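Source file run39.tsv; content: TSV, C-alpha atoms.
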chain	number	residue	atom	x	y	z
W	73	MET	CA	33.66	79.98	142.61
W	74	PRO	CA	33.14	82.26	139.56
W	75	PHE	CA	34.50	85.70	140.38
W	76	ARG	CA	31.25	87.56	139.65
W	77	ARG	CA	29.30	85.38	142.06
W	78	GLN	CA	32.02	85.71	144.69
W	79	THR	CA	32.00	89.51	144.38
W	80	LEU	CA	28.23	89.72	144.65
W	81	GLU	CA	28.24	87.49	147.74
W	82	GLU	CA	30.95	89.61	149.38
W	83	LEU	CA	29.00	92.81	148.67
W	84	ALA	CA	25.81	91.32	150.11
W	85	ALA	CA	27.55	90.05	153.24
W	86	LEU	CA	29.02	93.50	153.92
W	87	ASN	CA	25.79	95.43	153.28
W	88	ALA	CA	28.04	97.37	150.93
W	89	THR	CA	25.82	100.38	150.21
W	90	ALA	CA	25.51	101.21	153.90
W	91	THR	CA	29.17	100.43	154.64
W	92	ILE	CA	30.62	102.63	151.89
W	93	ARG	CA	28.70	105.65	153.23
W	94	GLN	CA	30.82	105.48	156.38
W	95	LYS	CA	34.05	105.83	154.39
W	96	HIS	CA	35.81	109.13	153.67
W	97	ALA	CA	38.02	109.63	150.59
W	98	LEU	CA	40.40	112.59	150.16
W	99	VAL	CA	41.37	113.01	146.50
W	100	GLY	CA	43.52	115.44	144.47
W	101	LEU	CA	45.17	117.41	143.02
W	102	ASP	CA	44.41	118.15	139.37
W	103	GLY	CA	41.33	119.45	137.59
W	104	PHE	CA	40.44	119.77	133.91
W	105	VAL	CA	37.63	120.99	131.75
W	106	ASP	CA	37.34	118.28	129.07
W	107	THR	CA	35.86	118.83	125.64
W	108	ILE	CA	35.16	115.46	123.98
W	109	VAL	CA	35.44	115.68	120.19
W	110	THR	CA	35.24	113.53	117.07
W	111	PRO	CA	37.58	114.33	114.15
W	112	VAL	CA	35.83	114.82	110.82
W	113	ALA	CA	37.03	112.92	107.74
W	114	LEU	CA	34.34	113.90	105.22
W	115	ARG	CA	31.49	116.34	105.85
W	116	THR	CA	28.22	115.89	103.92
W	117	GLY	CA	26.08	118.48	105.69
W	118	GLN	CA	25.75	120.45	108.90
W	119	GLY	CA	25.81	119.07	112.43
W	120	GLU	CA	26.54	115.36	112.63
W	121	ASN	CA	26.32	114.78	108.90
W	122	PHE	CA	29.90	113.63	108.49
W	123	THR	CA	32.10	110.56	108.32
W	124	PRO	CA	34.55	110.47	111.26
W	125	ILE	CA	38.23	109.70	111.22
W	126	ASP	CA	37.78	106.50	113.19
W	127	THR	CA	41.34	105.35	113.99
W	128	ILE	CA	44.50	106.97	115.30
W	129	THR	CA	46.38	105.51	112.33
W	130	ALA	CA	44.08	107.28	109.86
W	131	PHE	CA	44.36	110.51	111.84
W	132	GLY	CA	48.15	110.20	111.86
W	133	GLN	CA	48.19	109.69	108.10
W	134	ARG	CA	46.07	112.82	107.64
W	135	VAL	CA	48.57	114.80	109.75
W	136	LEU	CA	51.64	113.35	108.01
W	137	SER	CA	50.22	114.18	104.59
W	138	ALA	CA	50.29	117.85	105.57
W	139	ALA	CA	54.08	117.91	106.04
W	140	GLY	CA	55.55	120.71	103.94
W	141	LYS	CA	52.06	122.03	103.20
W	142	SER	CA	49.12	122.64	105.60
W	143	THR	CA	45.78	121.09	106.47
W	144	ASN	CA	42.56	121.76	108.33
W	145	ILE	CA	41.03	119.13	110.63
W	146	GLU	CA	37.63	119.77	112.18
W	147	PHE	CA	36.92	118.52	115.71
W	148	TYR	CA	33.18	118.09	116.23
W	149	PRO	CA	32.32	118.74	119.92
W	150	ARG	CA	30.33	116.02	121.69
W	151	MET	CA	30.28	117.36	125.26
W	152	GLU	CA	32.05	119.54	127.82
W	153	LYS	CA	32.52	117.86	131.14
W	154	LEU	CA	34.44	117.66	134.37
W	155	GLY	CA	37.86	116.18	133.69
W	156	GLY	CA	41.20	115.22	135.19
W	157	ASN	CA	42.25	112.00	136.86
W	158	GLY	CA	41.35	113.32	140.29
W	159	PRO	CA	37.89	114.79	139.65
W	160	ILE	CA	36.77	111.82	137.53
W	161	MET	CA	37.95	109.33	140.17
W	162	ALA	CA	36.37	111.48	142.90
W	163	ASN	CA	33.05	111.70	141.07
W	164	ALA	CA	33.00	107.91	140.66
W	165	LEU	CA	33.72	107.44	144.39
W	166	LEU	CA	30.86	109.83	145.17
W	167	ALA	CA	28.55	107.78	142.96
W	168	ALA	CA	29.62	104.65	144.84
W	169	GLY	CA	28.56	106.36	148.07
W	170	THR	CA	31.71	107.57	149.86
W	171	ARG	CA	32.03	110.85	151.69
W	172	LEU	CA	34.49	112.99	149.73
W	173	THR	CA	36.92	115.85	150.12
W	174	TYR	CA	38.53	117.15	146.93
W	175	ILE	CA	41.58	119.43	146.72
W	176	GLY	CA	42.68	120.58	143.28
W	177	ALA	CA	42.53	122.87	140.27
W	178	LEU	CA	38.83	123.70	140.28
W	179	GLY	CA	38.81	127.46	139.62
W	180	GLN	CA	40.95	130.57	140.03
W	181	ASP	CA	38.65	132.46	142.38
W	182	THR	CA	35.34	130.63	142.02
W	183	LEU	CA	34.57	127.10	140.93
W	184	HIS	CA	34.29	126.45	137.21
W	185	PRO	CA	30.68	125.37	136.41
W	186	VAL	CA	31.69	121.80	135.44
W	187	PHE	CA	32.71	121.16	139.08
W	188	GLU	CA	29.62	122.63	140.74
W	189	ASP	CA	27.70	119.34	140.94
W	190	MET	CA	30.65	117.55	142.55
W	191	ALA	CA	31.14	120.46	144.96
W	192	ALA	CA	27.47	120.35	145.99
W	193	ARG	CA	27.95	116.78	147.20
W	194	SER	CA	31.41	117.07	148.79
W	195	GLU	CA	33.89	119.35	150.51
W	196	THR	CA	36.11	121.09	147.94
W	197	HIS	CA	39.21	123.29	148.07
W	198	THR	CA	40.56	124.95	144.93
W	199	LEU	CA	44.23	125.67	144.36
W	200	CYS	CA	44.18	127.34	140.93
W	201	ALA	CA	42.38	127.50	137.59
W	202	PRO	CA	41.65	124.17	135.89
W	203	ALA	CA	43.60	122.97	132.89
W	204	ARG	CA	41.86	122.20	129.61
W	205	THR	CA	41.86	119.07	127.48
W	206	THR	CA	40.53	118.38	124.03
W	207	ALA	CA	39.91	114.61	124.09
W	208	VAL	CA	39.94	113.25	120.54
W	209	GLU	CA	38.27	109.83	120.66
W	210	PHE	CA	38.80	107.03	118.13
W	211	ASP	CA	37.72	103.41	117.89
W	212	ASP	CA	41.25	102.29	118.85
W	213	GLY	CA	42.17	104.83	121.52
W	214	LYS	CA	42.22	108.55	122.21
W	215	LEU	CA	44.48	111.59	121.99
W	216	MET	CA	44.46	113.98	124.94
W	217	LEU	CA	45.50	117.46	123.81
W	218	GLY	CA	46.14	119.43	126.97
W	219	GLN	CA	46.83	122.98	128.09
W	220	MET	CA	47.95	122.84	131.71
W	221	LYS	CA	50.09	125.87	132.51
W	222	SER	CA	47.95	126.58	135.59
W	223	PHE	CA	49.34	123.41	137.21
W	224	ASP	CA	52.64	125.23	137.76
W	225	GLU	CA	50.84	126.87	140.69
W	226	ILE	CA	50.19	123.54	142.44
W	227	THR	CA	53.03	123.26	144.96
W	228	TYR	CA	53.36	122.08	148.54
W	229	THR	CA	53.63	125.74	149.61
W	230	LYS	CA	50.36	126.58	147.81
W	231	LEU	CA	48.71	123.52	149.33
W	232	ILE	CA	49.50	124.52	152.92
W	233	GLU	CA	48.67	128.16	152.24
W	234	THR	CA	45.23	127.06	151.05
W	235	ILE	CA	44.76	124.43	153.76
W	236	PRO	CA	47.00	125.15	156.78
W	237	PRO	CA	48.88	122.10	158.14
W	238	PRO	CA	46.63	121.55	161.19
W	239	ARG	CA	43.54	121.48	158.97
W	240	LEU	CA	45.26	119.30	156.36
W	241	ALA	CA	46.34	116.90	159.10
W	242	ALA	CA	42.76	116.78	160.42
W	243	LEU	CA	41.43	115.96	156.95
W	244	LEU	CA	44.00	113.18	156.52
W	245	ALA	CA	43.33	111.82	160.01
W	246	ASP	CA	39.63	111.49	159.12
W	247	ALA	CA	40.29	109.99	155.68
W	248	ASP	CA	40.13	106.25	155.06
W	249	LEU	CA	41.63	106.80	151.59
W	250	LEU	CA	44.06	109.39	150.26
W	251	ALA	CA	44.32	109.33	146.45
W	252	LEU	CA	46.97	111.51	144.82
W	253	VAL	CA	46.84	111.18	141.06
W	254	ASN	CA	48.23	112.70	137.85
W	255	TRP	CA	51.86	112.93	138.93
W	256	THR	CA	53.03	113.42	135.34
W	257	MET	CA	51.10	116.60	134.57
W	258	ILE	CA	51.69	118.36	137.91
W	259	PRO	CA	55.36	119.42	137.75
W	260	ASN	CA	55.70	119.87	141.52
W	261	MET	CA	53.84	116.73	142.60
W	262	THR	CA	57.04	115.01	143.73
W	263	GLY	CA	57.61	117.88	146.17
W	264	ILE	CA	54.04	117.52	147.40
W	265	PHE	CA	54.63	113.80	148.05
W	266	GLU	CA	57.75	114.76	149.99
W	267	GLY	CA	55.99	117.47	152.00
W	268	ILE	CA	53.04	115.29	152.99
W	269	ALA	CA	55.25	112.30	153.85
W	270	ARG	CA	57.73	114.39	155.84
W	271	HIS	CA	55.56	117.01	157.55
W	272	ILE	CA	51.92	115.87	157.68
W	273	LEU	CA	51.66	112.08	157.97
W	274	PRO	CA	53.99	111.76	161.00
W	275	THR	CA	51.70	114.13	162.95
W	276	LEU	CA	48.56	112.03	162.51
W	277	PRO	CA	47.17	110.19	165.53
W	278	PRO	CA	47.15	106.38	165.36
W	279	ARG	CA	44.14	104.74	163.78
W	280	ALA	CA	41.64	103.22	166.20
W	281	PRO	CA	42.61	99.65	167.19
W	282	ASP	CA	39.61	98.18	165.35
W	283	ALA	CA	39.94	100.41	162.28
W	284	PRO	CA	41.50	99.09	159.06
W	285	ALA	CA	44.77	100.62	157.90
W	286	ARG	CA	44.63	103.91	156.05
W	287	LEU	CA	44.69	103.41	152.28
W	288	PHE	CA	46.76	105.38	149.79
W	289	PHE	CA	46.20	105.32	146.03
W	290	PHE	CA	48.57	106.72	143.41
W	291	ASP	CA	48.19	107.02	139.64
W	292	LEU	CA	51.04	108.36	137.50
W	293	ALA	CA	49.09	109.32	134.33
W	294	ASP	CA	51.45	108.35	131.48
W	295	PRO	CA	54.96	109.41	132.59
W	296	GLU	CA	56.41	109.24	129.06
W	297	LYS	CA	57.27	112.96	129.07
W	298	ARG	CA	59.11	112.73	132.40
W	299	SER	CA	62.66	111.38	132.69
W	300	PRO	CA	63.29	107.88	134.11
W	301	GLU	CA	65.22	109.52	136.96
W	302	ASP	CA	62.24	111.72	137.90
W	303	LEU	CA	59.95	108.69	137.72
W	304	VAL	CA	62.13	106.58	140.02
W	305	THR	CA	62.40	109.45	142.52
W	306	ALA	CA	58.59	109.72	142.63
W	307	LEU	CA	58.20	105.96	143.01
W	308	ARG	CA	60.62	105.90	145.95
W	309	LEU	CA	58.63	108.69	147.63
W	310	ILE	CA	55.38	106.81	147.04
W	311	ALA	CA	56.97	103.83	148.82
W	312	ARG	CA	57.50	106.02	151.92
W	313	PHE	CA	53.72	106.23	152.37
W	314	GLU	CA	53.79	102.52	153.31
W	315	GLN	CA	55.04	103.62	156.73
W	316	HIS	CA	51.60	105.14	157.35
W	317	GLY	CA	49.19	102.70	155.70
W	318	ARG	CA	48.74	100.48	152.64
W	319	VAL	CA	49.69	101.81	149.23
W	320	THR	CA	48.16	100.91	145.87
W	321	LEU	CA	49.89	102.05	142.68
W	322	GLY	CA	47.58	101.91	139.66
W	323	LEU	CA	49.08	101.50	136.17
W	324	ASN	CA	47.69	101.10	132.69
W	325	LEU	CA	49.60	98.95	130.19
W	326	LYS	CA	51.82	101.74	128.86
W	327	GLU	CA	52.61	103.00	132.36
W	328	THR	CA	53.50	99.44	133.41
W	329	GLN	CA	56.03	99.24	130.58
W	330	GLN	CA	57.54	102.59	131.59
W	331	VAL	CA	57.77	101.75	135.30
W	332	TYR	CA	59.10	98.24	134.60
W	333	ALA	CA	61.93	99.68	132.50
W	334	ALA	CA	62.71	102.59	134.85
W	335	LEU	CA	63.11	100.18	137.78
W	336	GLY	CA	65.65	98.14	135.83
W	337	LEU	CA	63.40	95.10	135.54
W	338	GLY	CA	63.93	94.76	131.78
W	339	VAL	CA	61.59	95.09	128.82
W	340	PHE	CA	57.93	94.29	129.33
W	341	HIS	CA	55.72	93.22	126.41
W	342	GLY	CA	52.28	91.68	125.99
W	343	GLU	CA	49.10	91.67	128.00
W	344	GLU	CA	48.48	87.97	128.55
W	345	GLU	CA	47.40	86.84	132.02
W	346	LYS	CA	50.76	85.31	132.95
W	347	THR	CA	52.68	88.37	131.76
W	348	LEU	CA	50.50	90.85	133.67
W	349	ARG	CA	50.58	88.85	136.89
W	350	HIS	CA	54.37	88.57	136.68
W	351	ALA	CA	54.80	92.31	136.03
W	352	ALA	CA	52.53	93.27	138.93
W	353	SER	CA	54.43	91.00	141.31
W	354	ALA	CA	57.85	92.13	140.10
W	355	ILE	CA	57.06	95.84	140.48
W	356	ARG	CA	55.44	95.27	143.88
W	357	GLU	CA	58.49	93.44	145.19
W	358	LYS	CA	60.91	96.02	143.78
W	359	LEU	CA	59.09	98.93	145.44
W	360	ALA	CA	57.93	97.05	148.56
W	361	LEU	CA	54.38	98.33	148.12
W	362	ASP	CA	51.21	96.67	149.35
W	363	THR	CA	49.44	96.50	145.97
W	364	ILE	CA	50.31	96.97	142.31
W	365	LEU	CA	47.35	97.26	139.97
W	366	ILE	CA	47.58	96.89	136.17
W	367	HIS	CA	44.63	97.57	133.87
W	368	PRO	CA	44.95	97.15	130.09
W	369	ARG	CA	41.81	97.70	128.03
W	370	LYS	CA	40.60	94.08	128.09
W	371	SER	CA	41.64	92.73	131.50
W	372	ALA	CA	43.14	93.64	134.87
W	373	ALA	CA	45.68	92.19	137.30
W	374	CYS	CA	46.95	92.97	140.76
W	375	ALA	CA	49.60	91.73	143.15
W	376	THR	CA	49.52	91.92	146.97
W	377	PRO	CA	51.56	90.26	149.72
W	378	ALA	CA	49.07	87.36	149.49
W	379	GLY	CA	49.64	86.65	145.80
W	380	ASP	CA	48.53	87.84	142.37
W	381	TRP	CA	45.19	87.81	140.53
W	382	TRP	CA	43.86	88.44	137.02
W	383	LEU	CA	40.39	88.99	135.55
W	384	PRO	CA	39.07	89.48	132.04
W	385	GLY	CA	37.20	92.74	131.57
W	386	PRO	CA	33.80	93.42	129.99
W	387	TYR	CA	35.38	94.88	126.85
W	388	CYS	CA	33.08	97.11	124.79
W	389	GLU	CA	33.61	97.37	121.03
W	390	LYS	CA	31.54	100.55	120.64
W	391	PRO	CA	31.71	102.57	123.88
W	392	LEU	CA	29.72	105.75	124.37
W	393	ILE	CA	32.78	107.31	126.01
W	394	THR	CA	36.34	106.22	126.79
W	395	THR	CA	37.86	109.32	128.40
W	396	GLY	CA	37.86	108.58	132.14
W	397	ALA	CA	37.52	104.80	131.85
W	398	GLY	CA	40.82	104.22	133.66
W	399	ASP	CA	39.89	106.64	136.43
W	400	HIS	CA	36.61	104.79	136.90
W	401	PHE	CA	38.53	101.52	137.10
W	402	ASN	CA	40.72	103.06	139.81
W	403	ALA	CA	37.65	104.28	141.71
W	404	GLY	CA	35.99	100.86	141.56
W	405	PHE	CA	39.12	99.11	142.80
W	406	ALA	CA	39.59	101.70	145.56
W	407	ALA	CA	35.95	101.30	146.63
W	408	GLY	CA	36.57	97.57	146.91
W	409	ARG	CA	39.57	98.23	149.12
W	410	LEU	CA	37.54	100.59	151.31
W	411	LEU	CA	34.92	97.85	151.71
W	412	GLY	CA	37.57	95.27	152.60
W	413	LEU	CA	36.84	92.97	149.63
W	414	THR	CA	39.25	90.28	148.51
W	415	PRO	CA	41.74	91.35	145.78
W	416	GLN	CA	39.85	89.44	143.09
W	417	SER	CA	36.59	91.14	144.04
W	418	CYS	CA	38.33	94.54	144.08
W	419	LEU	CA	39.39	93.81	140.50
W	420	ALA	CA	35.80	92.87	139.65
W	421	LEU	CA	34.55	96.20	141.02
W	422	GLY	CA	37.24	97.97	139.00
W	423	VAL	CA	36.42	96.38	135.65
W	424	GLY	CA	32.70	96.59	136.43
W	425	THR	CA	32.85	100.33	137.21
W	426	SER	CA	34.81	101.01	134.04
W	427	GLY	CA	32.61	98.70	131.96
W	428	HIS	CA	29.40	100.35	133.16
W	429	TYR	CA	30.81	103.84	132.59
W	430	VAL	CA	31.89	103.33	128.96
W	431	ARG	CA	28.47	101.87	128.12
W	432	ALA	CA	26.27	104.35	130.02
W	433	ALA	CA	28.52	107.49	130.06
W	434	HIS	CA	27.85	108.05	133.77
W	435	SER	CA	29.35	106.78	137.03
W	436	PRO	CA	27.57	103.77	138.58
W	437	THR	CA	26.21	103.40	142.09
W	438	LEU	CA	26.99	100.17	143.96
W	439	ALA	CA	23.48	98.99	143.08
W	440	ASP	CA	24.25	99.67	139.41
W	441	LEU	CA	27.44	97.66	139.77
W	442	GLU	CA	25.66	94.71	141.34
W	443	THR	CA	23.21	94.69	138.44
W	444	PHE	CA	26.04	95.00	135.91
W	445	LEU	CA	28.01	92.14	137.47
W	446	ALA	CA	24.92	89.94	137.67
W	447	ARG	CA	24.13	90.47	133.98
W	448	TRP	CA	27.72	90.35	132.67
W	449	ARG	CA	28.23	87.48	130.26
Would you mind writing the structure in this file as C-alpha cells?
Amino acid sequence: MPFRRQTLEELAALNATATIRQKHALVGLDGFVDTIVTPVALRTGQGENFTPIDTITAFGQRVLSAAGKSTNIEFYPRMEKLGGNGPIMANALLAAGTRLTYIGALGQDTLHPVFEDMAARSETHTLCAPARTTAVEFDDGKLMLGQMKSFDEITYTKLIETIPPPRLAALLADADLLALVNWTMIPNMTGIFEGIARHILPTLPPRAPDAPARLFFFDLADPEKRSPEDLVTALRLIARFEQHGRVTLGLNLKETQQVYAALGLGVFHGEEEKTLRHAASAIREKLALDTILIHPRKSAACATPAGDWWLPGPYCEKPLITTGAGDHFNAGFAAGRLLGLTPQSCLALGVGTSGHYVRAAHSPTLADLETFLARWR
C-alpha cells in the first residue's frame, strides 16, 4: 500500500485529532530568540531592493576575500521569532494538538515576548534568559550564528531549584513524551541526563497496565564542537533512559556521520536509501535504543526492533523558511509515536510536518497534515 494512503488510513482509524489531545508532552531545555536574515550581495535601493547572496559558497568567498583587509556584509532582517530546538518542536506539538509543558530558557525574570503565545497555550517554566541566533538563510543551507552564554546557567541544580524533585517527578509521571533536545549547546546537559536518570525516573510510579510505554526523544543539535568522548558519554546516558520507556534518537545527516564515527562504526557517506537504513540500524544496535531516526533534506529513515524503513520527502526548491524544519520533522515523528502509528507512518508525519512548515512558514495541525499528505505528489 502506498505510504501516504496507509498513513491517512491509520490516522482515520485512530480518530487522531481527538486522540492526540489526550497526550501530554514535556519538552526542554533551550530557548532562543531567532532573527531570520538574508545576506545582501548588491543593493539597488532601500528595503528589499537588493540581490541576495544566495549560496553558502558565495558567502564564503565574500568572507575569504576580506582576509588581510576588511569587509561589510549587510543582513536584511526577515522576521524575529521563537527559536531553539525545544521551543520550535514544542510549538509544533502544540499545533498537532498535544497538551504541553515546557521547561527552558524563556526569560530571566519574565517571559520574552516571542514565547508569550506558546506560554498562553501550555504550562511553562523558565530557567534563564534565552540565547539569540541570527539565522542566515541560503538556497543551499543556513548558517546559525549564536550567542548562548545564558545556557551556562542551565544545570541539574538549577532545574530542581526551579522545579523541586517531587513536582518534576509528578510532571514526568503525567507525561507520555519527554523530549530533551539541543545537547550540544547546553554545556551541562549531560549532567541533567544523569540527574534525571539517577534521581527522578526511578521514583516514578509504574504506567497503567493498559497505557503505552513512556516515550523519550533526544536530539543532539550538531555535536561538531563537542569532543567524541563527550558525545559517547552523552549517548551512553541516553541509552539508560531505555530502562524507563522507549527512546528515539533523532539525527540529521551530519549528526549521523558524527555519531557513526564516534561509536567506532567507521566512516559514513551518502544519503541513498540503503545507506541510511544501514546507518540507522547500526547505530540502534550499537546503543541498544528503541528507535534511531535519520532525516537528510530529501528523505528520512528509521530503525526499530521490528526493522528499518525509508521514505522520500516532499523536497521544496524554494522554501519560505528553513530554520526549524528539522525540529518540525522531529515533532511530526514524535506525534506519530504518541498516536501509536507504524514506523513508516511516523516517518510520513515527520516529512509531512516539515514539508508543510517550509512551504507555509507555520506549524500544521493534524488536519493540515492530512490535507498535505492527500495532495502530495
Selected residue of minimal separation from Trp255 of chain W among W:Ile232, W:Leu307, W:Leu287, W:Ala84, counting all atoms listed in the file |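 Looking at the shortest contact to Trp255 of chain W, the residue is W:Leu307.
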Can you check which parts of segment 217-272 of chain W lie within 7 Å of segment 99-112 of chain W? Per residue, the shortest pair of atoms and distance in Å to one decimal, counting only C-alpha atoms, sorted by chain and number, as JSON lines.
{"residue": "W:Leu250", "atom": "CA", "partner": "W:Val99", "partner_atom": "CA", "distance": 5.9}
{"residue": "W:Ala251", "atom": "CA", "partner": "W:Val99", "partner_atom": "CA", "distance": 4.7}
{"residue": "W:Leu252", "atom": "CA", "partner": "W:Gly100", "partner_atom": "CA", "distance": 5.2}
{"residue": "W:Val253", "atom": "CA", "partner": "W:Gly100", "partner_atom": "CA", "distance": 6.4}
{"residue": "W:Asn254", "atom": "CA", "partner": "W:Asp102", "partner_atom": "CA", "distance": 6.8}
Identify, on the basis of only C-alpha atoms, every residue whose closest approach to Phe147 of chain W does not exceed 12 Å; exclude the query and any residue fewer than 5 positions from it along the same chain; express the result as a ChimeraX atom specification.
-> /W:107-115,119-120,122-125,131,206-210,217
Just the residues within 10 Å of segment 325-330 of chain W, please, counting only C-alpha atoms, with nothing from its chain fewer than 5 positions along; format it as number ranges by chain.
-> W: 291-296, 300, 303, 335, 337-343, 348, 351-352, 355, 364-369, 372
Go ahead and compute the interatomic distance for atom CA of Gly424 of chain W and atom CA of Ala406 of chain W, in Å to one decimal.
->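 Atom-to-atom, atom CA of Gly424 of chain W to atom CA of Ala406 of chain W, that is 12.5 Å.
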How would you write as a count of residues only the residues that get within 8 Å of (33.0, 103.8, 127.0) in the file's frame, counting all atoms listed in the file?
-> 16
Would you mind reading off the distance between atom CA of Ala130 of chain W and atom CA of Thr116 of chain W, one decimal, in Å?
->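 One can read the atom CA of Ala130 of chain W to atom CA of Thr116 of chain W distance as 19.0 Å.
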Residue neighbourhood segment 413-416 of chain W, 9 Å, all atoms listed in the file, exclusion window fewer than 2 positions, as an NGL selection string | :W and (75 or 78-79 or 82-83 or 86 or 373-376 or 380-383 or 405 or 407-411 or 418-421)
Between atom CA of Ala306 of chain W and atom CA of Arg171 of chain W, distance in Å (one decimal) = 28.1 Å
Size and centre in Å, one decimal, axis-aligned box, all listed segment 382-398 of chain W atoms plus 3 Å per side, as lines of an AutoDock Vina configuration file:
center_x = 36.8
center_y = 98.9
center_z = 128.8
size_x = 20.1
size_y = 26.9
size_z = 22.4
Go through W:Ala439, W:Leu98, W:Ala192, W:Ala269 one by one, measure the shortest atom-to-atom distance of each to Ile310 of chain W using all atoms listed in the file, and give the residue with the smallest value.
-> W:Ala269
Could you list, as a tab-separated table (two decimals) with C-alpha atoms, in the frame of the given file, every residue within 9 Å of Glu314 of chain W, counting all atoms listed in the file and ignoring same-chain residues fewer than 2 positions away?
chain	number	residue	atom	x	y	z
W	288	PHE	CA	46.76	105.38	149.79
W	310	ILE	CA	55.38	106.81	147.04
W	311	ALA	CA	56.97	103.83	148.82
W	312	ARG	CA	57.50	106.02	151.92
W	316	HIS	CA	51.60	105.14	157.35
W	317	GLY	CA	49.19	102.70	155.70
W	318	ARG	CA	48.74	100.48	152.64
W	319	VAL	CA	49.69	101.81	149.23
W	360	ALA	CA	57.93	97.05	148.56
W	361	LEU	CA	54.38	98.33	148.12
W	362	ASP	CA	51.21	96.67	149.35
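Neighbourhood of point (56.0, 114.9, 148.4): residues with an atom at most 10 Å away, counting all atoms listed in the file, are Thr227, Tyr228, Asn260, Met261, Thr262, Gly263, Ile264, Phe265, Glu266, Gly267, Ile268, Ala269, Arg270, His271, Ala306, Leu309, Ile310, Arg312 and Phe313 of chain W.
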Would you kindly return, as a PDB file with C-alpha atoms, in the frame of the given file, each protein, DNA or RNA residue with an atom no farther than 12 Å from any atom of Gly132 of chain W, considering only C-alpha atoms and excluding same-chain residues fewer than 5 positions away?
ATOM      1  CA  PRO W 111      37.580 114.330 114.150  1.00  0.00           C
ATOM      2  CA  ILE W 125      38.230 109.700 111.220  1.00  0.00           C
ATOM      3  CA  ASP W 126      37.780 106.500 113.190  1.00  0.00           C
ATOM      4  CA  THR W 127      41.340 105.350 113.990  1.00  0.00           C
ATOM      5  CA  SER W 137      50.220 114.180 104.590  1.00  0.00           C
ATOM      6  CA  ALA W 138      50.290 117.850 105.570  1.00  0.00           C
ATOM      7  CA  ALA W 139      54.080 117.910 106.040  1.00  0.00           C
ATOM      8  CA  ILE W 145      41.030 119.130 110.630  1.00  0.00           C
ATOM      9  CA  PHE W 210      38.800 107.030 118.130  1.00  0.00           C
ATOM     10  CA  LEU W 215      44.480 111.590 121.990  1.00  0.00           C
TER      11      LEU W 215
END
Residue nearest Gly169 of chain W among W:Leu249, W:Lys358, W:Gly156, W:Arg193 (counting all atoms listed in the file) =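 Nearest to Gly169 of chain W: W:Arg193.
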Restricting to all atoms listed in the file, whichever of W:Leu441, W:Ala378, W:Ala88, W:His96 is closest to Ala245 of chain W is W:His96
